[in-house]
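Encoded as structure tokens, the structure appears first; notes follow it.
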Amino acid sequence: MKLSPEIYKEFEEIVGPRYISQDPGVLETYRCMPAQSSAHYGPYWDHMTPTPMAVILPGCTEEVQGIVRLCNKYKIKFKAGGSFWGAMAYIGSDYSIQLDMRRMRKIEIDVKNQLAIIDPYVNGAMLQSEAMKYGFSCNIPGVGCSSSIVASASGWGGVGPSTVCSGGHKENLCALEWVLPNGELLRTGTAGSGDGWFCGEGPGPSTRAFLTASMGVCGEMGVVTKMAMRLYPWPGPAVLPSTGTVPAYKAALPDNFRCYTVCFPSWDMWAKALTMCYDSDLVYLGHRQFNMFGRDLKGAMIRILTDPDKQLCDLEELLSDPEVKRQTEEMKLEFQIVLAGYTKRDMELKEAILQEILKECDAWLSSMMLEPDIENWALLYLIRLGHKNLNYVMCGSYEGNFGLNPNLWVSASYMEEAAAFKKQWEDTHTSIVKNGGDSEMGSFSFTGGGGAVGWEFFVDFDAYDKDSVTGACDFIDETEKWMAERHLGGDMGRSNKYLRQPNGYDWPQEKHNELFSKVPQPHVFAYQWKVREAINPNLLGGSYYRTLDPEMIPENKR
Ligand SMILES: Cc1cc2nc3c(=O)[nH]c(=O)nc-3n(C[C@H](O)[C@H](O)[C@H](O)COP(=O)(O)OP(=O)(O)OC[C@H]3O[C@@H](n4cnc5c(N)ncnc54)[C@H](O)[C@@H]3O)c2cc1C
């Protein structure tokens with residue numbers, strides 16, 4: 001579909017000719033191939049998200065508001081994207097335009113209130129390096145430092161290795177500025193009452209839940225144009241001292257920083273150690289990270305990634321090296337932690353607590369990960385999260401599945417069974433990477449202080465090979481059944497299946513009505529329907545915001 005020349009001209013008058021395009025080459029780059037990304041609703045072969053009618057790059061809040069008002073005038077759907085890591089940033093219907101927020105990238109650090117006021121395109125790397133100059137750092141979600149903070153906070157999750165210590169984006173979110181889908185401008189919390197940016201709840205309108213819900217509204221409810229994010233203390237230098245060369249960058253930090261890989265004899269001890277970390281406020285960052293390469297491959301992969309002279313083609317040789325084998329076996333069940341001491345005594349205390357955990361949990365430290373070059377590589381990896389391309393390194397694409405959460409003890413009790421289930425599939429099929437079954441990765445916690453966890457198993461496949469994509473899809477179908485049989489909820493690899501159709505388009509409202517009228521608590525979705533009716537009367541979003549027409553609530557639940 002195309003915009004009429006008259007409507008195109010009206011948009012052009014808002015942003016200027018340089019910042020709007022309907023060039024087919026440009027439009028094509030704003031389409032997502034769901035076989036390529038971890039979209040959690042596929043992967044599916046042979047389709048892409050629809051082509052937008054135009055791509056527009058607004059430069060300020062007034063321009064965003066002008067665009068949204070025009071969209072309402074002509075009933076054109078729209079969606080804003082940050083760094084476009086996720087399929088949810090892409091439009092889902094033909095009569096739609098795409099907003100790319102990359103021109104809006106200002107950062108202001110409010111030292112007194114320990115927060116940053118940021119534009120929508122500010123990503124984790126930009127904010128962190130600015131914050132470090134003032135002795136602060138920020139939460140960076142597991143998707144990595146190249147992702148937009150505003151997108152993660154309002155559009156999706158926002159959790160990662162730092163969340164256990166710093167809180168997730170939704171916890172850190174203070175006041176914000178928001179162009180509602182009807183074109184009105186809303187400033188929430190203290191920004192709404194003219195009292196600055198330090199509080200999202202008031203004095204001033206408290207509407208955070210409308211925007212963030214539990215997983216964010218995926219760009220379906222207007223455009224956030226400014227946001228205040230709480231920062232947290234950084235006891236390190238003003239600039240991260242990175243050394244080395246691609247891809248083996250490292251950070252040689254002072255002695256008050258250590259990165260350890262803690263290894264366990266059983267999942268029970270692994271879970272016990274995690275709770276001890278929560279209880280003692282031990283960690284600055286906590287993640288089970290490098291196991292994403294798989295239980296059998298991780299040692300060899302770490303050797304390759306920390307040595308700029310090695311390549312993936314060295315994998316076979318490294319796998320047959322007895323010392324690499326021993327080290328890989330040594331860290332079969334493990335997690336990574338970063339300790340950061342605010343003073344010398346604080347660091348001594350943290351080291352002593354770690355020793356106590358090792359003793360109580362029959363645990364040990366991985367010898368390979370203590371090699372100075374590897375420790376410094378892992379430190380930079382976890383603090384900056386700038387190596388996220390490595391999520392795709394195996395063969396170009398992956399989907400996270402199982403998603404054993406949120407209870408730590410329940411998920412730990414199923415982890416080995418899940419790994420064996422995946423290993424059996426790997427041993428009998430060629431569609432996914434064979435890496436030892438257990439390729440589970442995830443953050444210590446979805447909330448600050450510890451608690452709910454989210455563990456995903458990496459299912460690596462080749463996005464350009466039909467058999468590999470459909471084979472990965474078949475495996476996820478099987479794990480869905482496995483999860484359902486054990487009453488563990490849906491499989492993570494399909495958690496977005498009701499948000500976008502397999503063909504890349506939005507689901508119609510009838511489908512959401514059919515689905516959400518059957519859930520145990522349909523009123524939740526009927527409430528969201530009312531919210532949407534109030535601020536998005538022209539329905540200019542897609543189907544990522546789950547709604548149920550209240551008329552469709554079953555009689556026995558009214
Ligand atoms: C490989 C991979 C790993 C991931 N790992 C994690 C993880 O560990 N933890 C986690 O929490 N998430 C994770 N995710 C999901 C990720 O957090 C989201 O995709 C995140 O929002 C990425 O940031 P982005 O800038 O690319 O956002 P985008 O993909 O550009 O946008 C994300 C959503 O926010 C909306 N949005 C963007 N800008 C605005 C705006 N200004 N106003 C309103 N809405 C907006 C978009 O429409 C979209 O729906 C992962 C995704 C991938 C692909």
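All residue names refer to the structure tokens as shown: chains lettered A, B, ... in order, residues numbered from 1 in each chain, ligands numbered from 1 in order.
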Can you work out which residues are within 6 Å of ligand 1, considering only C-alpha atoms and all ligand atoms, and then hand them over as a JSON list (two decimals) with N, CA and C atoms, in the first residue's frame?
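Resulting contents of out.json:
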[["chain", "number", "residue", "atom", "x", "y", "z"],
["A", 37, "SER", "N", 14.91, -13.78, 13.96],
["A", 37, "SER", "CA", 15.09, -13.20, 15.29],
["A", 37, "SER", "C", 14.44, -14.08, 16.35],
["A", 38, "SER", "N", 14.80, -13.76, 17.59],
["A", 38, "SER", "CA", 14.15, -14.49, 18.67],
["A", 38, "SER", "C", 12.82, -13.79, 18.95],
["A", 79, "LYS", "N", 3.74, 2.61, 14.43],
["A", 79, "LYS", "CA", 4.52, 1.97, 15.50],
["A", 79, "LYS", "C", 5.90, 2.62, 15.56],
["A", 80, "ALA", "N", 6.36, 2.88, 16.81],
["A", 80, "ALA", "CA", 7.72, 3.41, 16.99],
["A", 80, "ALA", "C", 8.65, 2.25, 17.27],
["A", 81, "GLY", "N", 9.87, 2.35, 16.80],
["A", 81, "GLY", "CA", 10.90, 1.35, 17.10],
["A", 81, "GLY", "C", 12.12, 2.03, 17.68],
["A", 82, "GLY", "N", 12.82, 1.31, 18.56],
["A", 82, "GLY", "CA", 14.08, 1.81, 19.11],
["A", 82, "GLY", "C", 15.23, 1.28, 18.29],
["A", 83, "SER", "N", 15.80, 0.15, 18.72],
["A", 83, "SER", "CA", 16.89, -0.47, 17.96],
["A", 83, "SER", "C", 16.41, -1.63, 17.11],
["A", 84, "PHE", "N", 15.12, -1.95, 17.20],
["A", 84, "PHE", "CA", 14.50, -2.98, 16.35],
["A", 84, "PHE", "C", 15.08, -4.38, 16.56],
["A", 85, "TRP", "N", 15.47, -4.69, 17.78],
["A", 85, "TRP", "CA", 15.92, -6.06, 18.04],
["A", 85, "TRP", "C", 14.76, -7.05, 17.94],
["A", 86, "GLY", "N", 13.60, -6.59, 18.37],
["A", 86, "GLY", "CA", 12.48, -7.53, 18.48],
["A", 86, "GLY", "C", 11.49, -7.37, 17.36],
["A", 88, "MET", "N", 8.49, -7.23, 17.70],
["A", 88, "MET", "CA", 7.36, -6.39, 18.14],
["A", 88, "MET", "C", 7.50, -4.93, 17.72],
["A", 89, "ALA", "N", 8.70, -4.50, 17.31],
["A", 89, "ALA", "CA", 8.86, -3.10, 16.89],
["A", 89, "ALA", "C", 8.34, -2.86, 15.48],
["A", 120, "PRO", "N", 14.12, 8.72, 23.48],
["A", 120, "PRO", "CA", 13.81, 7.32, 23.15],
["A", 120, "PRO", "C", 14.93, 6.52, 22.48],
["A", 141, "PRO", "N", 19.37, -4.47, 29.94],
["A", 141, "PRO", "CA", 18.69, -5.75, 29.77],
["A", 141, "PRO", "C", 19.55, -6.76, 29.02],
["A", 142, "GLY", "N", 19.17, -8.01, 29.14],
["A", 142, "GLY", "CA", 19.94, -9.09, 28.52],
["A", 142, "GLY", "C", 20.05, -8.98, 27.01],
["A", 143, "VAL", "N", 19.18, -8.19, 26.39],
["A", 143, "VAL", "CA", 19.28, -8.02, 24.93],
["A", 143, "VAL", "C", 20.55, -7.24, 24.56],
["A", 147, "SER", "N", 20.45, -1.75, 22.86],
["A", 147, "SER", "CA", 18.99, -1.62, 22.82],
["A", 147, "SER", "C", 18.55, -0.34, 23.52],
["A", 148, "SER", "N", 17.44, 0.21, 23.03],
["A", 148, "SER", "CA", 16.92, 1.47, 23.59],
["A", 148, "SER", "C", 16.33, 1.22, 24.97],
["A", 150, "VAL", "N", 14.24, 3.25, 26.57],
["A", 150, "VAL", "CA", 12.81, 3.59, 26.54],
["A", 150, "VAL", "C", 12.01, 2.44, 25.93],
["A", 151, "ALA", "N", 12.54, 1.84, 24.87],
["A", 151, "ALA", "CA", 11.82, 0.73, 24.23],
["A", 151, "ALA", "C", 11.66, -0.43, 25.20],
["A", 152, "SER", "N", 12.73, -0.77, 25.90],
["A", 152, "SER", "CA", 12.63, -1.91, 26.81],
["A", 152, "SER", "C", 11.71, -1.60, 27.99],
["A", 154, "SER", "N", 9.16, 0.62, 28.16],
["A", 154, "SER", "CA", 7.75, 0.82, 27.85],
["A", 154, "SER", "C", 7.22, -0.25, 26.92],
["A", 155, "GLY", "N", 8.11, -0.81, 26.11],
["A", 155, "GLY", "CA", 7.63, -1.71, 25.06],
["A", 155, "GLY", "C", 7.77, -3.18, 25.38],
["A", 156, "TRP", "N", 8.71, -3.53, 26.27],
["A", 156, "TRP", "CA", 8.92, -4.96, 26.49],
["A", 156, "TRP", "C", 9.38, -5.20, 27.92],
["A", 157, "GLY", "N", 10.50, -5.97, 28.11],
["A", 157, "GLY", "CA", 10.87, -6.42, 29.45],
["A", 157, "GLY", "C", 11.80, -5.47, 30.19],
["A", 158, "GLY", "N", 13.09, -5.55, 29.86],
["A", 158, "GLY", "CA", 14.04, -4.67, 30.52],
["A", 158, "GLY", "C", 14.76, -5.31, 31.69],
["A", 159, "VAL", "N", 14.96, -6.62, 31.59],
["A", 159, "VAL", "CA", 15.70, -7.28, 32.68],
["A", 159, "VAL", "C", 16.96, -7.96, 32.14],
["A", 160, "GLY", "N", 17.94, -8.08, 33.01],
["A", 160, "GLY", "CA", 19.21, -8.67, 32.61],
["A", 160, "GLY", "C", 20.09, -8.97, 33.80],
["A", 218, "CYS", "N", 4.41, -2.94, 23.83],
["A", 218, "CYS", "CA", 4.92, -3.26, 22.49],
["A", 218, "CYS", "C", 4.60, -2.19, 21.45],
["A", 219, "GLY", "N", 4.68, -0.94, 21.82],
["A", 219, "GLY", "CA", 4.49, 0.14, 20.85],
["A", 219, "GLY", "C", 3.06, 0.30, 20.37],
["A", 222, "GLY", "N", 0.88, 4.47, 21.56],
["A", 222, "GLY", "CA", 1.51, 5.77, 21.40],
["A", 222, "GLY", "C", 3.02, 5.70, 21.50],
["A", 223, "VAL", "N", 3.61, 6.87, 21.72],
["A", 223, "VAL", "CA", 5.07, 6.98, 21.64],
["A", 223, "VAL", "C", 5.60, 7.70, 22.88],
["A", 224, "VAL", "N", 6.53, 7.07, 23.57],
["A", 224, "VAL", "CA", 7.17, 7.72, 24.71],
["A", 224, "VAL", "C", 8.29, 8.60, 24.17],
["A", 225, "THR", "N", 8.31, 9.86, 24.58],
["A", 225, "THR", "CA", 9.28, 10.79, 24.01],
["A", 225, "THR", "C", 10.36, 11.20, 25.01]]
Q: Write out as a PyMOL selection string the residues lying within 10 Å of region 121-130 of chain A, counting only C-alpha atoms and excluding same-chain residues fewer than 6 positions away.
A: chain A and resi 81-83+100-109+136-141+143-152+225-226+229+231+234+238-240+383-386
May I have the selected residues written with C-alpha atoms, as a short mmCIF file (atom, residue, chain, number, x, y, z; two decimals), in the first residue's frame?
data_model
loop_
_atom_site.label_atom_id
_atom_site.label_comp_id
_atom_site.auth_asym_id
_atom_site.auth_seq_id
_atom_site.Cartn_x
_atom_site.Cartn_y
_atom_site.Cartn_z
CA GLY A 81 10.90 1.35 17.10
CA GLY A 82 14.08 1.81 19.11
CA SER A 83 16.89 -0.47 17.96
CA ASP A 100 12.27 5.29 13.76
CA MET A 101 13.29 7.29 16.83
CA ARG A 102 17.03 7.52 16.14
CA ARG A 103 17.15 11.32 15.93
CA MET A 104 15.98 11.68 19.54
CA ARG A 105 19.03 10.78 21.65
CA LYS A 106 19.58 13.39 24.40
CA ILE A 107 20.73 12.44 27.91
CA GLU A 108 20.57 14.58 31.01
CA ILE A 109 22.00 13.26 34.29
CA PHE A 136 26.62 5.78 38.38
CA SER A 137 25.64 2.90 36.16
CA CYS A 138 22.32 1.72 34.74
CA ASN A 139 20.46 -1.53 34.35
CA ILE A 140 21.13 -3.05 30.91
CA PRO A 141 18.69 -5.75 29.77
CA VAL A 143 19.28 -8.02 24.93
CA GLY A 144 22.42 -5.90 25.28
CA CYS A 145 23.72 -2.36 25.45
CA SER A 146 22.69 -1.46 21.90
CA SER A 147 18.99 -1.62 22.82
CA SER A 148 16.92 1.47 23.59
CA ILE A 149 16.17 1.95 27.28
CA VAL A 150 12.81 3.59 26.54
CA ALA A 151 11.82 0.73 24.23
CA SER A 152 12.63 -1.91 26.81
CA THR A 225 9.28 10.79 24.01
CA LYS A 226 11.16 11.21 27.30
CA MET A 229 15.41 6.25 34.76
CA LEU A 231 20.65 5.04 38.18
CA TRP A 234 29.19 2.43 40.10
CA ALA A 238 34.76 7.01 34.90
CA VAL A 239 35.64 5.20 31.67
CA LEU A 240 35.59 1.42 31.27
CA ILE A 383 29.08 -5.13 32.75
CA ARG A 384 28.63 -3.70 29.26
CA LEU A 385 26.63 -6.47 27.53
CA GLY A 386 28.15 -5.38 24.25
#
Q: Would you mind listing what lies within 7 Å of region 361-376 of chain A as a list in words, with only C-alpha atoms counted and same-chain residues fewer than 3 positions away left out?
A: Lys250, Ala251, Ala252, Cys259, Tyr260, Thr261, Val262, Cys263, Phe264, Pro265, Met269, Ala273, Thr306, Gln327, Glu330, Met331, Ile357, Leu358, Leu379 and Leu380 of chain A
Suppose we keep N, CA and C atoms; can you now write the selection as a PDB file, in the first residue's frame?
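Below is the file again_10.pdb, written as the result:
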ATOM      1  N   LYS A 250      38.349  -6.832  26.410  1.00  0.00           N
ATOM      2  CA  LYS A 250      38.379  -7.153  27.843  1.00  0.00           C
ATOM      3  C   LYS A 250      38.376  -5.851  28.632  1.00  0.00           C
ATOM      4  N   ALA A 251      38.061  -5.947  29.939  1.00  0.00           N
ATOM      5  CA  ALA A 251      38.163  -4.759  30.809  1.00  0.00           C
ATOM      6  C   ALA A 251      39.036  -5.100  31.999  1.00  0.00           C
ATOM      7  N   ALA A 252      40.168  -4.396  32.108  1.00  0.00           N
ATOM      8  CA  ALA A 252      41.038  -4.615  33.263  1.00  0.00           C
ATOM      9  C   ALA A 252      40.621  -3.626  34.336  1.00  0.00           C
ATOM     10  N   CYS A 259      35.064 -11.206  38.586  1.00  0.00           N
ATOM     11  CA  CYS A 259      34.029 -11.988  37.918  1.00  0.00           C
ATOM     12  C   CYS A 259      34.340 -13.467  38.139  1.00  0.00           C
ATOM     13  N   TYR A 260      33.394 -14.194  38.700  1.00  0.00           N
ATOM     14  CA  TYR A 260      33.617 -15.611  38.987  1.00  0.00           C
ATOM     15  C   TYR A 260      32.568 -16.471  38.278  1.00  0.00           C
ATOM     16  N   THR A 261      32.998 -17.651  37.887  1.00  0.00           N
ATOM     17  CA  THR A 261      32.047 -18.661  37.439  1.00  0.00           C
ATOM     18  C   THR A 261      31.983 -19.709  38.539  1.00  0.00           C
ATOM     19  N   VAL A 262      30.828 -19.771  39.202  1.00  0.00           N
ATOM     20  CA  VAL A 262      30.662 -20.659  40.356  1.00  0.00           C
ATOM     21  C   VAL A 262      30.010 -21.960  39.862  1.00  0.00           C
ATOM     22  N   CYS A 263      30.614 -23.098  40.215  1.00  0.00           N
ATOM     23  CA  CYS A 263      30.175 -24.394  39.667  1.00  0.00           C
ATOM     24  C   CYS A 263      29.620 -25.289  40.782  1.00  0.00           C
ATOM     25  N   PHE A 264      28.676 -26.153  40.417  1.00  0.00           N
ATOM     26  CA  PHE A 264      27.926 -26.914  41.426  1.00  0.00           C
ATOM     27  C   PHE A 264      27.832 -28.400  41.078  1.00  0.00           C
ATOM     28  N   PRO A 265      27.657 -29.216  42.111  1.00  0.00           N
ATOM     29  CA  PRO A 265      27.498 -30.644  41.864  1.00  0.00           C
ATOM     30  C   PRO A 265      26.064 -31.017  41.481  1.00  0.00           C
ATOM     31  N   MET A 269      21.941 -27.574  44.700  1.00  0.00           N
ATOM     32  CA  MET A 269      22.961 -26.697  45.285  1.00  0.00           C
ATOM     33  C   MET A 269      23.050 -25.382  44.508  1.00  0.00           C
ATOM     34  N   ALA A 273      22.516 -21.827  46.267  1.00  0.00           N
ATOM     35  CA  ALA A 273      23.505 -20.741  46.182  1.00  0.00           C
ATOM     36  C   ALA A 273      22.854 -19.448  45.687  1.00  0.00           C
ATOM     37  N   THR A 306      37.842 -15.582  23.316  1.00  0.00           N
ATOM     38  CA  THR A 306      38.791 -14.773  24.083  1.00  0.00           C
ATOM     39  C   THR A 306      40.160 -14.722  23.418  1.00  0.00           C
ATOM     40  N   GLN A 327      37.969 -28.756  31.581  1.00  0.00           N
ATOM     41  CA  GLN A 327      37.464 -27.467  32.065  1.00  0.00           C
ATOM     42  C   GLN A 327      35.974 -27.304  31.752  1.00  0.00           C
ATOM     43  N   GLU A 330      34.142 -29.354  34.227  1.00  0.00           N
ATOM     44  CA  GLU A 330      34.237 -28.713  35.543  1.00  0.00           C
ATOM     45  C   GLU A 330      33.123 -27.673  35.733  1.00  0.00           C
ATOM     46  N   MET A 331      32.730 -27.015  34.631  1.00  0.00           N
ATOM     47  CA  MET A 331      31.693 -25.975  34.768  1.00  0.00           C
ATOM     48  C   MET A 331      30.380 -26.402  34.110  1.00  0.00           C
ATOM     49  N   ILE A 357      29.439 -19.492  50.710  1.00  0.00           N
ATOM     50  CA  ILE A 357      28.512 -20.125  49.759  1.00  0.00           C
ATOM     51  C   ILE A 357      29.170 -21.362  49.143  1.00  0.00           C
ATOM     52  N   LEU A 358      30.440 -21.222  48.778  1.00  0.00           N
ATOM     53  CA  LEU A 358      31.147 -22.368  48.177  1.00  0.00           C
ATOM     54  C   LEU A 358      31.119 -23.544  49.156  1.00  0.00           C
ATOM     55  N   LEU A 379      34.197 -10.036  32.547  1.00  0.00           N
ATOM     56  CA  LEU A 379      33.813  -8.808  33.262  1.00  0.00           C
ATOM     57  C   LEU A 379      33.200  -7.795  32.304  1.00  0.00           C
ATOM     58  N   LEU A 380      33.919  -7.553  31.209  1.00  0.00           N
ATOM     59  CA  LEU A 380      33.406  -6.573  30.242  1.00  0.00           C
ATOM     60  C   LEU A 380      32.088  -7.059  29.629  1.00  0.00           C
TER      61      LEU A 380
END
**Q.** DSSP strand (DSSP E or B) residues within region 421-505 of chain A, as a VMD selection string
**A.** chain A and resid 440 to 443 454 to 461
Q. Which residues come within 9 Å of region 308-323 of chain A, counting only C-alpha atoms, excluding same-chain residues fewer than 4 positions away, as a list in words?
A. Gly244, Thr245, Val246, Pro247, Ala248, Asp296, Leu297, Gly299, Ala300, Met301, Arg303, Ile304, Gln327, Thr328, Val393 and Met394 of chain A
Would you put the residues from that selection into a file with N, CA and C atoms, as a tab-separated table (two decimals), in the first residue's frame?
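The resulting selection-v4.tsv:
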chain	number	residue	atom	x	y	z
A	244	GLY	N	42.33	-5.03	24.18
A	244	GLY	CA	42.15	-6.19	23.31
A	244	GLY	C	41.62	-5.79	21.96
A	245	THR	N	41.31	-6.79	21.16
A	245	THR	CA	40.81	-6.51	19.83
A	245	THR	C	39.61	-7.39	19.54
A	246	VAL	N	38.86	-7.02	18.53
A	246	VAL	CA	37.63	-7.71	18.19
A	246	VAL	C	37.89	-9.20	17.93
A	247	PRO	N	37.11	-10.15	18.39
A	247	PRO	CA	35.94	-9.97	19.26
A	247	PRO	C	36.31	-10.11	20.73
A	248	ALA	N	37.63	-10.10	21.05
A	248	ALA	CA	38.07	-10.47	22.39
A	248	ALA	C	38.35	-9.25	23.26
A	296	ASP	N	28.14	-28.87	26.19
A	296	ASP	CA	29.32	-29.54	25.62
A	296	ASP	C	30.27	-28.58	24.92
A	297	LEU	N	29.76	-27.42	24.49
A	297	LEU	CA	30.58	-26.55	23.64
A	297	LEU	C	31.12	-25.31	24.34
A	299	GLY	N	33.13	-24.46	26.82
A	299	GLY	CA	34.56	-24.27	27.10
A	299	GLY	C	35.31	-23.90	25.84
A	300	ALA	N	35.07	-24.65	24.78
A	300	ALA	CA	35.75	-24.41	23.50
A	300	ALA	C	35.34	-23.05	22.93
A	301	MET	N	34.07	-22.71	23.06
A	301	MET	CA	33.61	-21.41	22.53
A	301	MET	C	34.27	-20.25	23.28
A	303	ARG	N	37.18	-20.31	24.68
A	303	ARG	CA	38.57	-20.25	24.17
A	303	ARG	C	38.61	-19.48	22.84
A	304	ILE	N	37.67	-19.74	21.97
A	304	ILE	CA	37.66	-19.07	20.66
A	304	ILE	C	37.39	-17.56	20.83
A	327	GLN	N	37.97	-28.76	31.58
A	327	GLN	CA	37.46	-27.47	32.06
A	327	GLN	C	35.97	-27.30	31.75
A	328	THR	N	35.56	-27.85	30.63
A	328	THR	CA	34.13	-27.74	30.27
A	328	THR	C	33.30	-28.58	31.24
A	393	VAL	N	25.76	-16.52	17.14
A	393	VAL	CA	27.00	-16.92	16.49
A	393	VAL	C	26.99	-18.36	15.97
A	394	MET	N	26.18	-19.22	16.57
A	394	MET	CA	26.24	-20.64	16.20
A	394	MET	C	25.88	-20.88	14.74
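Going from CA of Pro237 (chain A) over to CA of Trp197 (chain A), you cover 27.0 Å.
Rounded to one decimal, CA of Ala484 (chain A) and CA of Phe402 (chain A) lie 10.5 Å from each other.
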Q: Pick out the residues sitting within 8 Å of Ala418 (chain A), and hand them over as a PyMOL selection string; count only C-alpha atoms, and ignore anything fewer than 2 positions along from it in its own chain.
A: chain A and resi 402+414-416+420-422+437-438
Residue subset to file, keeping C-alpha atoms, as an mmCIF file, in the first residue's frame:
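The resulting file, again-v4.cif, is reproduced below:
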data_model
loop_
_atom_site.group_PDB
_atom_site.id
_atom_site.type_symbol
_atom_site.label_atom_id
_atom_site.label_comp_id
_atom_site.auth_asym_id
_atom_site.auth_seq_id
_atom_site.Cartn_x
_atom_site.Cartn_y
_atom_site.Cartn_z
ATOM 1 C CA PHE A 402 11.138 -23.835 27.671
ATOM 2 C CA TYR A 414 13.037 -29.656 35.997
ATOM 3 C CA MET A 415 16.267 -28.368 34.490
ATOM 4 C CA GLU A 416 18.016 -31.707 33.989
ATOM 5 C CA ALA A 420 17.738 -34.496 28.513
ATOM 6 C CA PHE A 421 14.586 -33.891 26.449
ATOM 7 C CA LYS A 422 16.426 -31.389 24.259
ATOM 8 C CA GLY A 437 21.019 -30.500 25.610
ATOM 9 C CA ASP A 438 21.508 -27.973 28.389
#
Kindly provide the residues of region 83-102 of chain A that approach region 505-508 of chain A to within 9 Å, each paired with its closest atom pair and their distance in Å to one decimal, based on only C-alpha atoms, listed by chain and increasing number, as CSV.
residue,atom,partner,partner_atom,distance
A:Ile91,CA,A:Tyr505,CA,8.1
A:Gly92,CA,A:Tyr505,CA,4.5
A:Ser93,CA,A:Tyr505,CA,5.7
A:Asp94,CA,A:Tyr505,CA,8.5
Q. Per DSSP on the backbone, what are the alpha helix (DSSP H) residues of region 172-361 of chain A, as a PyMOL selection string?
A. chain A and resi 172+189-192+208-212+267-280+298-305+315-319+322-330+344-360
